[in-house]
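With mmCIF, N, CA and C atoms inside, this is coords-v9.cif:
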```cif
data_my_file
loop_
_atom_site.label_atom_id
_atom_site.label_comp_id
_atom_site.auth_asym_id
_atom_site.auth_seq_id
_atom_site.Cartn_x
_atom_site.Cartn_y
_atom_site.Cartn_z
N MET A 1 0.85 -1.18 0.00
CA MET A 1 0.00 0.00 0.00
C MET A 1 0.89 1.24 0.00
N SER A 2 0.66 2.10 -0.95
CA SER A 2 1.49 3.31 -1.05
C SER A 2 0.99 4.35 -0.06
N ARG A 3 1.91 5.15 0.41
CA ARG A 3 1.55 6.20 1.37
C ARG A 3 1.11 7.44 0.63
N LYS A 4 0.19 8.14 1.22
CA LYS A 4 -0.30 9.41 0.68
C LYS A 4 0.28 10.54 1.50
N LYS A 5 0.61 11.62 0.85
CA LYS A 5 1.13 12.79 1.56
C LYS A 5 -0.02 13.67 1.99
N VAL A 6 0.13 14.20 3.20
CA VAL A 6 -0.90 15.07 3.76
C VAL A 6 -0.21 16.30 4.33
N ALA A 7 -0.77 17.48 4.03
CA ALA A 7 -0.24 18.72 4.62
C ALA A 7 -1.01 18.98 5.91
N LEU A 8 -0.30 19.41 6.93
CA LEU A 8 -0.90 19.57 8.24
C LEU A 8 -0.49 20.92 8.81
N SER A 9 -1.46 21.67 9.32
CA SER A 9 -1.16 22.95 9.98
C SER A 9 -1.47 22.80 11.46
N LEU A 10 -0.51 23.17 12.29
CA LEU A 10 -0.68 23.07 13.75
C LEU A 10 -0.38 24.41 14.38
N ASP A 11 -1.11 24.70 15.45
CA ASP A 11 -0.78 25.92 16.19
C ASP A 11 0.52 25.68 16.94
N PRO A 12 1.24 26.75 17.32
CA PRO A 12 2.57 26.60 17.92
C PRO A 12 2.60 25.73 19.19
N GLU A 13 1.57 25.83 20.03
CA GLU A 13 1.55 25.04 21.27
C GLU A 13 1.43 23.54 20.95
N LEU A 14 0.55 23.20 20.03
CA LEU A 14 0.38 21.80 19.67
C LEU A 14 1.63 21.25 18.98
N TYR A 15 2.24 22.07 18.13
CA TYR A 15 3.46 21.66 17.45
C TYR A 15 4.58 21.39 18.46
N ALA A 16 4.70 22.26 19.45
CA ALA A 16 5.73 22.09 20.49
C ALA A 16 5.45 20.82 21.31
N ALA A 17 4.17 20.58 21.62
CA ALA A 17 3.81 19.38 22.38
C ALA A 17 4.12 18.12 21.56
N LEU A 18 3.85 18.17 20.25
CA LEU A 18 4.14 17.04 19.37
C LEU A 18 5.64 16.77 19.29
N GLN A 19 6.44 17.83 19.18
CA GLN A 19 7.89 17.67 19.14
C GLN A 19 8.41 17.06 20.45
N CYS A 20 7.86 17.52 21.55
CA CYS A 20 8.25 16.99 22.86
C CYS A 20 7.91 15.50 22.95
N TRP A 21 6.70 15.13 22.53
CA TRP A 21 6.26 13.74 22.58
C TRP A 21 7.13 12.88 21.66
N GLN A 22 7.45 13.42 20.48
CA GLN A 22 8.29 12.70 19.52
C GLN A 22 9.65 12.38 20.16
N ALA A 23 10.23 13.38 20.83
CA ALA A 23 11.54 13.18 21.45
C ALA A 23 11.45 12.17 22.60
N GLN A 24 10.39 12.26 23.40
CA GLN A 24 10.22 11.34 24.53
C GLN A 24 10.05 9.90 24.05
N GLN A 25 9.32 9.71 22.97
CA GLN A 25 9.05 8.37 22.45
C GLN A 25 10.19 7.84 21.58
N GLY A 26 11.07 8.71 21.16
CA GLY A 26 12.22 8.30 20.39
C GLY A 26 11.94 8.10 18.90
N TYR A 27 10.95 8.78 18.36
CA TYR A 27 10.66 8.67 16.93
C TYR A 27 11.61 9.56 16.15
N GLY A 28 12.01 9.09 14.95
CA GLY A 28 12.99 9.81 14.15
C GLY A 28 12.47 11.07 13.49
N SER A 29 11.16 11.14 13.27
CA SER A 29 10.60 12.32 12.59
C SER A 29 9.20 12.59 13.11
N LEU A 30 8.74 13.83 12.84
CA LEU A 30 7.38 14.19 13.24
C LEU A 30 6.36 13.37 12.46
N SER A 31 6.64 13.08 11.20
CA SER A 31 5.68 12.30 10.40
C SER A 31 5.52 10.89 10.99
N GLU A 32 6.61 10.31 11.47
CA GLU A 32 6.52 8.99 12.09
C GLU A 32 5.69 9.06 13.38
N ALA A 33 5.92 10.11 14.17
CA ALA A 33 5.17 10.29 15.41
C ALA A 33 3.68 10.47 15.12
N ILE A 34 3.35 11.28 14.13
CA ILE A 34 1.95 11.50 13.77
C ILE A 34 1.32 10.20 13.26
N ARG A 35 2.07 9.45 12.45
CA ARG A 35 1.58 8.18 11.93
C ARG A 35 1.24 7.23 13.08
N VAL A 36 2.11 7.14 14.09
CA VAL A 36 1.87 6.27 15.25
C VAL A 36 0.62 6.72 16.01
N ILE A 37 0.49 8.01 16.21
CA ILE A 37 -0.69 8.55 16.91
C ILE A 37 -1.96 8.18 16.17
N LEU A 38 -1.96 8.37 14.85
CA LEU A 38 -3.14 8.05 14.07
C LEU A 38 -3.44 6.55 14.07
N GLN A 39 -2.40 5.72 13.98
CA GLN A 39 -2.61 4.27 14.02
C GLN A 39 -3.20 3.84 15.35
N GLN A 40 -2.69 4.40 16.43
CA GLN A 40 -3.22 4.06 17.76
C GLN A 40 -4.69 4.48 17.89
N HIS A 41 -5.01 5.60 17.27
CA HIS A 41 -6.38 6.10 17.37
C HIS A 41 -7.36 5.28 16.53
N PHE A 42 -6.96 4.90 15.32
CA PHE A 42 -7.89 4.26 14.42
C PHE A 42 -7.87 2.73 14.44
N GLN A 43 -6.83 2.13 14.96
CA GLN A 43 -6.81 0.68 15.04
C GLN A 43 -7.67 0.23 16.21
N PRO A 44 -8.29 -0.95 16.09
CA PRO A 44 -9.11 -1.43 17.21
C PRO A 44 -8.24 -1.62 18.45
N PRO A 45 -8.78 -1.27 19.59
CA PRO A 45 -7.99 -1.39 20.82
C PRO A 45 -7.68 -2.85 21.13
N GLN A 46 -6.57 -3.05 21.79
CA GLN A 46 -6.22 -4.39 22.23
C GLN A 46 -7.15 -4.75 23.39
N LEU A 47 -7.31 -6.04 23.60
CA LEU A 47 -8.20 -6.48 24.66
C LEU A 47 -7.64 -6.10 26.03
N THR A 48 -8.17 -5.03 26.55
CA THR A 48 -7.77 -4.64 27.89
C THR A 48 -8.89 -4.95 28.86
N CYS A 49 -10.11 -5.13 28.33
CA CYS A 49 -11.24 -5.49 29.17
C CYS A 49 -11.34 -7.01 29.23
N PRO A 50 -11.81 -7.54 30.34
CA PRO A 50 -11.95 -8.99 30.40
C PRO A 50 -13.00 -9.48 29.42
N THR A 51 -12.79 -10.65 28.88
CA THR A 51 -13.76 -11.23 27.96
C THR A 51 -14.96 -11.72 28.75
N ILE A 52 -16.01 -12.05 28.06
CA ILE A 52 -17.23 -12.54 28.72
C ILE A 52 -16.92 -13.82 29.49
N LEU A 53 -16.11 -14.70 28.88
CA LEU A 53 -15.76 -15.94 29.56
C LEU A 53 -14.99 -15.67 30.85
N GLN A 54 -14.07 -14.69 30.81
CA GLN A 54 -13.32 -14.35 32.02
C GLN A 54 -14.25 -13.79 33.09
N ARG A 55 -15.23 -12.97 32.66
CA ARG A 55 -16.18 -12.40 33.62
C ARG A 55 -17.03 -13.51 34.24
N LEU A 56 -17.50 -14.46 33.41
CA LEU A 56 -18.32 -15.55 33.92
C LEU A 56 -17.53 -16.42 34.89
N THR A 57 -16.29 -16.68 34.57
CA THR A 57 -15.46 -17.49 35.45
C THR A 57 -15.29 -16.81 36.80
N THR A 58 -15.05 -15.51 36.76
CA THR A 58 -14.90 -14.75 38.01
C THR A 58 -16.20 -14.78 38.81
N LEU A 59 -17.33 -14.59 38.12
CA LEU A 59 -18.62 -14.62 38.81
C LEU A 59 -18.90 -16.00 39.40
N GLU A 60 -18.57 -17.06 38.67
CA GLU A 60 -18.78 -18.42 39.19
C GLU A 60 -17.96 -18.64 40.45
N LYS A 61 -16.72 -18.16 40.46
CA LYS A 61 -15.88 -18.30 41.64
C LYS A 61 -16.48 -17.54 42.82
N GLN A 62 -17.02 -16.34 42.55
CA GLN A 62 -17.63 -15.55 43.61
C GLN A 62 -18.87 -16.24 44.16
N VAL A 63 -19.67 -16.85 43.27
CA VAL A 63 -20.88 -17.56 43.70
C VAL A 63 -20.50 -18.75 44.58
N VAL A 64 -19.50 -19.51 44.17
CA VAL A 64 -19.05 -20.67 44.96
C VAL A 64 -18.57 -20.20 46.33
N ALA A 65 -17.83 -19.11 46.37
CA ALA A 65 -17.34 -18.59 47.65
C ALA A 65 -18.50 -18.15 48.54
N LEU A 66 -19.50 -17.49 47.95
CA LEU A 66 -20.66 -17.06 48.73
C LEU A 66 -21.47 -18.25 49.23
N GLN A 67 -21.63 -19.28 48.39
CA GLN A 67 -22.35 -20.47 48.82
C GLN A 67 -21.64 -21.13 49.99
N ALA A 68 -20.32 -21.18 49.92
CA ALA A 68 -19.55 -21.78 51.01
C ALA A 68 -19.75 -21.00 52.31
N GLN A 69 -19.89 -19.68 52.19
CA GLN A 69 -20.11 -18.87 53.39
C GLN A 69 -21.51 -19.07 53.95
N LEU A 70 -22.49 -19.25 53.06
CA LEU A 70 -23.87 -19.37 53.50
C LEU A 70 -24.21 -20.77 54.03
N GLN A 71 -23.58 -21.80 53.49
CA GLN A 71 -23.86 -23.16 53.92
C GLN A 71 -22.76 -23.62 54.88
N PRO A 72 -23.14 -23.99 56.07
CA PRO A 72 -22.11 -24.49 56.98
C PRO A 72 -21.55 -25.80 56.44
N PRO A 73 -20.29 -26.07 56.67
CA PRO A 73 -19.71 -27.31 56.15
C PRO A 73 -20.36 -28.52 56.81
N GLN A 74 -20.56 -29.57 56.03
CA GLN A 74 -21.14 -30.79 56.58
C GLN A 74 -20.06 -31.55 57.34
N PRO A 75 -20.42 -32.06 58.50
CA PRO A 75 -19.43 -32.82 59.27
C PRO A 75 -19.13 -34.14 58.57
N GLU A 76 -18.00 -34.74 58.91
CA GLU A 76 -17.64 -36.05 58.39
C GLU A 76 -18.70 -37.06 58.81
N ILE A 77 -19.11 -37.91 57.88
CA ILE A 77 -20.16 -38.88 58.18
C ILE A 77 -19.74 -39.79 59.33
N ALA A 78 -18.50 -40.19 59.35
CA ALA A 78 -18.03 -41.11 60.40
C ALA A 78 -18.13 -40.50 61.79
N CYS A 79 -18.12 -39.18 61.87
CA CYS A 79 -18.11 -38.50 63.16
C CYS A 79 -19.45 -37.88 63.53
N LEU A 80 -20.49 -38.14 62.76
CA LEU A 80 -21.79 -37.51 62.98
C LEU A 80 -22.40 -37.91 64.32
N THR A 81 -22.99 -36.93 64.97
CA THR A 81 -23.76 -37.19 66.18
C THR A 81 -25.18 -36.72 65.93
N LEU A 82 -26.10 -37.09 66.82
CA LEU A 82 -27.48 -36.64 66.68
C LEU A 82 -27.53 -35.12 66.76
N ALA A 83 -26.71 -34.52 67.60
CA ALA A 83 -26.68 -33.05 67.72
C ALA A 83 -26.25 -32.41 66.39
N ASP A 84 -25.26 -33.04 65.72
CA ASP A 84 -24.84 -32.53 64.41
C ASP A 84 -25.99 -32.60 63.42
N LEU A 85 -26.70 -33.72 63.42
CA LEU A 85 -27.80 -33.89 62.47
C LEU A 85 -28.95 -32.93 62.74
N GLU A 86 -29.19 -32.62 64.00
CA GLU A 86 -30.28 -31.70 64.33
C GLU A 86 -29.97 -30.27 63.89
N ALA A 87 -28.69 -29.96 63.71
CA ALA A 87 -28.31 -28.62 63.28
C ALA A 87 -28.43 -28.44 61.76
N LEU A 88 -28.59 -29.56 61.03
CA LEU A 88 -28.63 -29.50 59.57
C LEU A 88 -30.05 -29.25 59.07
N ASN A 89 -30.14 -28.59 57.91
CA ASN A 89 -31.46 -28.37 57.30
C ASN A 89 -31.84 -29.58 56.46
N ARG A 90 -33.05 -29.56 55.92
CA ARG A 90 -33.58 -30.71 55.17
C ARG A 90 -32.69 -31.07 53.98
N SER A 91 -32.26 -30.08 53.20
CA SER A 91 -31.46 -30.39 52.01
C SER A 91 -30.12 -31.04 52.39
N GLN A 92 -29.55 -30.63 53.51
CA GLN A 92 -28.30 -31.23 53.96
C GLN A 92 -28.53 -32.67 54.45
N LEU A 93 -29.65 -32.87 55.15
CA LEU A 93 -29.98 -34.23 55.59
C LEU A 93 -30.21 -35.15 54.39
N VAL A 94 -30.92 -34.64 53.40
CA VAL A 94 -31.19 -35.43 52.19
C VAL A 94 -29.88 -35.79 51.49
N ALA A 95 -28.96 -34.84 51.40
CA ALA A 95 -27.68 -35.10 50.73
C ALA A 95 -26.90 -36.21 51.45
N ILE A 96 -26.87 -36.16 52.77
CA ILE A 96 -26.16 -37.19 53.53
C ILE A 96 -26.86 -38.53 53.39
N ALA A 97 -28.20 -38.52 53.49
CA ALA A 97 -28.96 -39.77 53.35
C ALA A 97 -28.75 -40.39 51.98
N ARG A 98 -28.71 -39.57 50.96
CA ARG A 98 -28.45 -40.09 49.60
C ARG A 98 -27.06 -40.69 49.50
N ASP A 99 -26.07 -40.00 50.09
CA ASP A 99 -24.70 -40.53 50.09
C ASP A 99 -24.64 -41.91 50.75
N LEU A 100 -25.46 -42.09 51.79
CA LEU A 100 -25.46 -43.36 52.53
C LEU A 100 -26.41 -44.39 51.93
N GLY A 101 -27.23 -43.96 50.96
CA GLY A 101 -28.18 -44.87 50.31
C GLY A 101 -29.43 -45.16 51.11
N VAL A 102 -29.79 -44.24 52.02
CA VAL A 102 -30.97 -44.47 52.86
C VAL A 102 -32.06 -43.43 52.66
N TYR A 103 -31.99 -42.64 51.61
CA TYR A 103 -32.96 -41.56 51.44
C TYR A 103 -34.28 -42.09 50.90
N SER A 104 -35.35 -41.58 51.46
CA SER A 104 -36.69 -41.79 50.93
C SER A 104 -37.45 -40.50 51.16
N TYR A 105 -38.19 -40.07 50.14
CA TYR A 105 -38.94 -38.81 50.28
C TYR A 105 -40.02 -38.94 51.35
N LYS A 106 -40.37 -40.16 51.73
CA LYS A 106 -41.42 -40.39 52.72
C LYS A 106 -40.94 -40.11 54.14
N LEU A 107 -39.63 -40.06 54.33
CA LEU A 107 -39.10 -39.89 55.68
C LEU A 107 -39.14 -38.43 56.13
N SER A 108 -39.61 -38.21 57.34
CA SER A 108 -39.57 -36.87 57.93
C SER A 108 -38.14 -36.58 58.38
N ASN A 109 -37.90 -35.35 58.79
CA ASN A 109 -36.55 -35.01 59.25
C ASN A 109 -36.09 -35.88 60.42
N PRO A 110 -36.91 -36.09 61.45
CA PRO A 110 -36.45 -36.96 62.54
C PRO A 110 -36.17 -38.40 62.06
N ALA A 111 -37.02 -38.90 61.15
CA ALA A 111 -36.80 -40.25 60.63
C ALA A 111 -35.53 -40.31 59.78
N LEU A 112 -35.26 -39.22 59.01
CA LEU A 112 -34.02 -39.16 58.22
C LEU A 112 -32.81 -39.19 59.14
N ARG A 113 -32.86 -38.46 60.23
CA ARG A 113 -31.75 -38.43 61.18
C ARG A 113 -31.48 -39.84 61.73
N GLN A 114 -32.58 -40.53 62.09
CA GLN A 114 -32.43 -41.89 62.62
C GLN A 114 -31.87 -42.84 61.57
N ALA A 115 -32.34 -42.72 60.33
CA ALA A 115 -31.85 -43.58 59.24
C ALA A 115 -30.37 -43.32 58.97
N ILE A 116 -29.97 -42.04 59.03
CA ILE A 116 -28.56 -41.68 58.80
C ILE A 116 -27.69 -42.27 59.91
N LEU A 117 -28.14 -42.13 61.17
CA LEU A 117 -27.36 -42.68 62.29
C LEU A 117 -27.26 -44.20 62.21
N ALA A 118 -28.36 -44.86 61.82
CA ALA A 118 -28.34 -46.32 61.69
C ALA A 118 -27.38 -46.75 60.58
N ALA A 119 -27.42 -46.05 59.45
CA ALA A 119 -26.51 -46.39 58.34
C ALA A 119 -25.06 -46.13 58.74
N LYS A 120 -24.84 -45.05 59.46
CA LYS A 120 -23.47 -44.74 59.92
C LYS A 120 -22.95 -45.83 60.83
N ARG A 121 -23.80 -46.30 61.77
CA ARG A 121 -23.39 -47.38 62.67
C ARG A 121 -23.09 -48.65 61.88
N GLU A 122 -23.91 -48.92 60.89
CA GLU A 122 -23.73 -50.12 60.07
C GLU A 122 -22.42 -50.07 59.30
N ILE A 123 -22.09 -48.87 58.74
CA ILE A 123 -20.89 -48.73 57.90
C ILE A 123 -19.64 -48.61 58.77
N TYR A 124 -19.69 -47.74 59.78
CA TYR A 124 -18.48 -47.42 60.55
C TYR A 124 -18.39 -48.17 61.87
N GLY A 125 -19.48 -48.85 62.25
CA GLY A 125 -19.44 -49.66 63.47
C GLY A 125 -19.51 -48.88 64.76
N HIS A 126 -19.87 -47.63 64.73
CA HIS A 126 -20.02 -46.87 65.99
C HIS A 126 -21.05 -45.77 65.84
#
```
Produce structure tokens that represent the structure in this file.
Amino acid sequence: MSRKKVALSLDPELYAALQCWQAQQGYGSLSEAIRVILQQHFQPPQLTCPTILQRLTTLEKQVVALQAQLQPPQPEIACLTLADLEALNRSQLVAIARDLGVYSYKLSNPALRQAILAAKREIYGH
């Protein structure tokens, strides 16, 4: 692509600022400095903003962290006591009962607790 010549008129302050910038950046001529300025202005910007995937990944990490804060950690099944089970909500009881293979939707919370303790005794012997 051949270059086109362009005549440019600048006021003295702008010309002095351009010369200063040219010297600071180390360009050999004012035309090279102006060419760089125009290229930077008209070329699409480099990706300085996070992509959608990066934003989603960050949001997913934040959601996981918030969930961990909102849900108390489940105790080890081998160490469960009735007091531990009474502190858990229905969804936590269901998750433990499913892990142990004793879940039934027909069981109330107290019955789920008893089934979990019985399965724990059967598996761990205490």
Mind telling me what the PyMOL selection byres (((chain A and resi 4-18 and name CA) around 12) and name CA) catches here, as an MDAnalysis selection string? chainID A and resid 1:3 19:27 29:37
At what distance in Å, to one decimal, does atom C of A:Ala87 lie from atom C of A:Tyr124? 22.1 Å
Atomic separation - atom CA of A:Leu117 relative to atom CA of A:Glu86, Å: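 Computing the Euclidean distance for atom CA of A:Glu86 and atom CA of A:Leu117 yields 11.5 Å.
The space separating atom C of A:Gly101 from atom CA of A:Gln69 comes to 28.0 Å.
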Could you tell me, as a ChimeraX atom specification, which residues of chain A DSSP assigns to helix (DSSP H, G or I) when given the backbone? /A:12-25,30-42,52-70,77-79,82-87,90-100,109-124
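Considering only N, CA and C atoms, the residue among A:Thr81, A:Thr51, A:Gln39, A:Asn89 positioned nearest to A:Asn109 is A:Asn89.
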Judged by only C-alpha atoms, the minimum distance to A:Tyr103 among A:Ile77, A:Ala115, A:Leu56, A:Leu70 is found for A:Ala115
